[in-house]
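Peer 1: Have a look at this one before I ask anything.
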Amino acid sequence: MKKFNQLLIIPFVIACGASQHTSSKPPKIVGNWQWMETSGGFAGITKTPESTNTIKHLQITTDSIFYYENGELTNSQPYHLQLAKSMLSNKEEWQLNETISKVFINRKDSTLVLWEDCYDCFTHKYLKMNRK
C-alpha cells in the first residue's frame with residue numbers, strides 16, 4: 001500500500017513542476033506593438049490611450065527597442081533576452097535586460113506584456129500591429 005501511495009504522488013509532483021516551466025525559447029517579440037494599457041502602481045491606476053490622449057508604440061528589432069509617443073521617437077535602447085527568476089511569479093521568466101529595475105516580457109498570441117518586477121510597479125500591454 002505504501003508503494004501504491006508513492007506512485008500516486010509522482011504524477012502530482014511532475015504536474016506541479018511542469019506548471020512552473022517557461023519555454024526555453026524566447027518569445028517572438030520582433031515587430032511593431034501598439035500600446036493598449038498600463039496598470040498598477042501603489043494606487044492601482046489604469047492608463048489607456050483614451051484616458052491619456054496619447055498614442056504609444058514599440059518598434060522591436062532583434063537587438064533594440066524604439067519607444068514612440070504620438071509618432072515621435074522618445075527613447076531607444078538595446079536589449080538582450082535572458083531567463084531570470086521573477087519576484088512576482090516566483091519562477092523563471094524572460095527578462096529584457098539585467099538591470100536594477102527588472103522588466104520581464106511575455107507574448108500570448110498577438111498580445112505583448114511587459115511587467116516591472118516589483119509589488120508597486122506597472123504592467124504594460126501592447127497589441128501586435130498589422131503590416132501595411
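Just remember, in the C-alpha cells the first chain shown is A, the second B, etc., residues are 1-based per chain, and ligands are 1-based in the order shown.
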May I have the residues within 6 Å of region 105-122 of chain A as a PyMOL selection string, using only C-alpha atoms and disregarding those fewer than 5 positions away in the same chain?

Peer 2: chain A and resi 39-42+94+127-128

Peer 1: Take the selection from the previous step and output its residues with C-alpha atoms, as a CSV table (one decimal), in the first residue's frame.

Peer 2:
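The resulting file, result-v1.csv, is reproduced below:
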chain,number,residue,atom,x,y,z
A,39,SER,CA,-1.9,49.4,-14.9
A,40,GLY,CA,-0.5,49.0,-11.4
A,41,GLY,CA,1.4,51.2,-9.1
A,42,PHE,CA,0.7,52.0,-5.5
A,94,TRP,CA,12.1,36.1,-19.9
A,127,LEU,CA,-1.1,44.6,-29.3
A,128,LYS,CA,0.8,43.4,-32.4

Peer 1: Please provide the set of residues having any atom within 12 Å of Gln59 (chain A), restricted to only C-alpha atoms, with same-chain residues fewer than 3 positions apart removed, written as an MDAnalysis selection string.

Peer 2: chainID A and resid 29:35 56 62:69 71:78 126:129

Peer 1: Pull N, CA and C atoms from the residues just selected and write them as a short mmCIF file (atom, residue, chain, number, x, y, z; two decimals), in the first residue's frame.

Peer 2:
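Writing done, so here's again.cif:
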data_model
loop_
_atom_site.label_atom_id
_atom_site.label_comp_id
_atom_site.auth_asym_id
_atom_site.auth_seq_id
_atom_site.Cartn_x
_atom_site.Cartn_y
_atom_site.Cartn_z
N ILE A 29 9.23 38.55 -30.32
CA ILE A 29 8.77 39.90 -30.00
C ILE A 29 9.11 40.93 -31.06
N VAL A 30 9.88 40.55 -32.09
CA VAL A 30 10.27 41.49 -33.14
C VAL A 30 9.02 41.96 -33.88
N GLY A 31 8.95 43.27 -34.08
CA GLY A 31 7.81 43.85 -34.80
C GLY A 31 7.37 45.15 -34.17
N ASN A 32 6.20 45.62 -34.58
CA ASN A 32 5.63 46.86 -34.07
C ASN A 32 4.45 46.53 -33.17
N TRP A 33 4.38 47.20 -32.04
CA TRP A 33 3.40 46.92 -31.00
C TRP A 33 2.72 48.20 -30.56
N GLN A 34 1.39 48.20 -30.60
CA GLN A 34 0.60 49.36 -30.20
C GLN A 34 0.20 49.24 -28.74
N TRP A 35 0.40 50.32 -27.99
CA TRP A 35 0.09 50.34 -26.56
C TRP A 35 -1.42 50.24 -26.34
N LYS A 56 1.03 55.45 -28.17
CA LYS A 56 2.38 54.94 -27.97
C LYS A 56 2.54 53.65 -28.76
N THR A 62 15.78 42.88 -33.60
CA THR A 62 16.42 41.72 -32.97
C THR A 62 17.32 42.09 -31.80
N ASP A 63 17.68 43.39 -31.69
CA ASP A 63 18.58 43.78 -30.59
C ASP A 63 18.26 45.12 -29.93
N SER A 64 17.22 45.82 -30.38
CA SER A 64 16.90 47.14 -29.81
C SER A 64 15.39 47.34 -29.73
N ILE A 65 15.00 48.23 -28.81
CA ILE A 65 13.60 48.64 -28.68
C ILE A 65 13.55 50.15 -28.86
N PHE A 66 12.62 50.59 -29.74
CA PHE A 66 12.42 52.01 -30.00
C PHE A 66 11.04 52.38 -29.47
N TYR A 67 11.00 53.43 -28.64
CA TYR A 67 9.76 53.88 -28.00
C TYR A 67 9.25 55.12 -28.72
N TYR A 68 7.99 55.09 -29.16
CA TYR A 68 7.38 56.22 -29.85
C TYR A 68 6.17 56.70 -29.06
N GLU A 69 6.01 58.03 -29.01
CA GLU A 69 4.83 58.62 -28.39
C GLU A 69 4.29 59.68 -29.35
N GLY A 71 3.85 59.46 -32.42
CA GLY A 71 4.62 59.43 -33.66
C GLY A 71 6.07 59.88 -33.54
N GLU A 72 6.47 60.38 -32.38
CA GLU A 72 7.84 60.87 -32.17
C GLU A 72 8.66 59.84 -31.40
N LEU A 73 9.88 59.60 -31.87
CA LEU A 73 10.80 58.70 -31.16
C LEU A 73 11.20 59.37 -29.84
N THR A 74 10.91 58.70 -28.72
CA THR A 74 11.22 59.28 -27.41
C THR A 74 12.38 58.59 -26.71
N ASN A 75 12.67 57.35 -27.10
CA ASN A 75 13.74 56.62 -26.44
C ASN A 75 14.10 55.39 -27.28
N SER A 76 15.29 54.93 -27.13
CA SER A 76 15.70 53.66 -27.73
C SER A 76 16.74 53.03 -26.83
N GLN A 77 16.76 51.72 -26.82
CA GLN A 77 17.76 51.02 -26.00
C GLN A 77 17.97 49.62 -26.54
N PRO A 78 19.20 49.13 -26.41
CA PRO A 78 19.46 47.74 -26.78
C PRO A 78 18.84 46.81 -25.73
N TYR A 126 0.58 45.54 -24.90
CA TYR A 126 0.66 46.01 -26.27
C TYR A 126 0.00 44.99 -27.20
N LEU A 127 -0.51 45.49 -28.32
CA LEU A 127 -1.13 44.65 -29.34
C LEU A 127 -0.27 44.69 -30.59
N LYS A 128 -0.03 43.53 -31.19
CA LYS A 128 0.78 43.44 -32.41
C LYS A 128 0.11 44.24 -33.52
N MET A 129 0.87 45.12 -34.15
CA MET A 129 0.35 45.94 -35.24
C MET A 129 0.47 45.16 -36.55
#

Peer 1: Going by DSSP on the backbone, which residues of region 18-100 of chain A come out as helix (DSSP H, G or I)? List them as a list in words.

Peer 2: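 Here is the list: Ala18, Ser19, Pro49, Glu50, Ser51 and Thr52 of chain A.
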
Peer 1: How would the residues just chosen look if you wrote them out with N, CA and C atoms as a short mmCIF file (atom, residue, chain, number, x, y, z; two decimals), in the first residue's frame?

Peer 2:
data_model
loop_
_atom_site.label_atom_id
_atom_site.label_comp_id
_atom_site.auth_asym_id
_atom_site.auth_seq_id
_atom_site.Cartn_x
_atom_site.Cartn_y
_atom_site.Cartn_z
N ALA A 18 5.78 20.98 -13.85
CA ALA A 18 5.56 21.38 -15.24
C ALA A 18 4.88 22.74 -15.31
N SER A 19 4.01 23.06 -14.37
CA SER A 19 3.31 24.34 -14.42
C SER A 19 4.26 25.51 -14.13
N PRO A 49 -4.79 54.64 -24.03
CA PRO A 49 -4.65 55.73 -25.00
C PRO A 49 -5.81 56.75 -24.88
N GLU A 50 -7.00 56.26 -24.60
CA GLU A 50 -8.16 57.14 -24.47
C GLU A 50 -8.06 58.04 -23.23
N SER A 51 -7.64 57.46 -22.11
CA SER A 51 -7.59 58.25 -20.86
C SER A 51 -6.43 59.24 -20.83
N THR A 52 -5.38 58.98 -21.61
CA THR A 52 -4.22 59.87 -21.61
C THR A 52 -4.11 60.71 -22.87
#
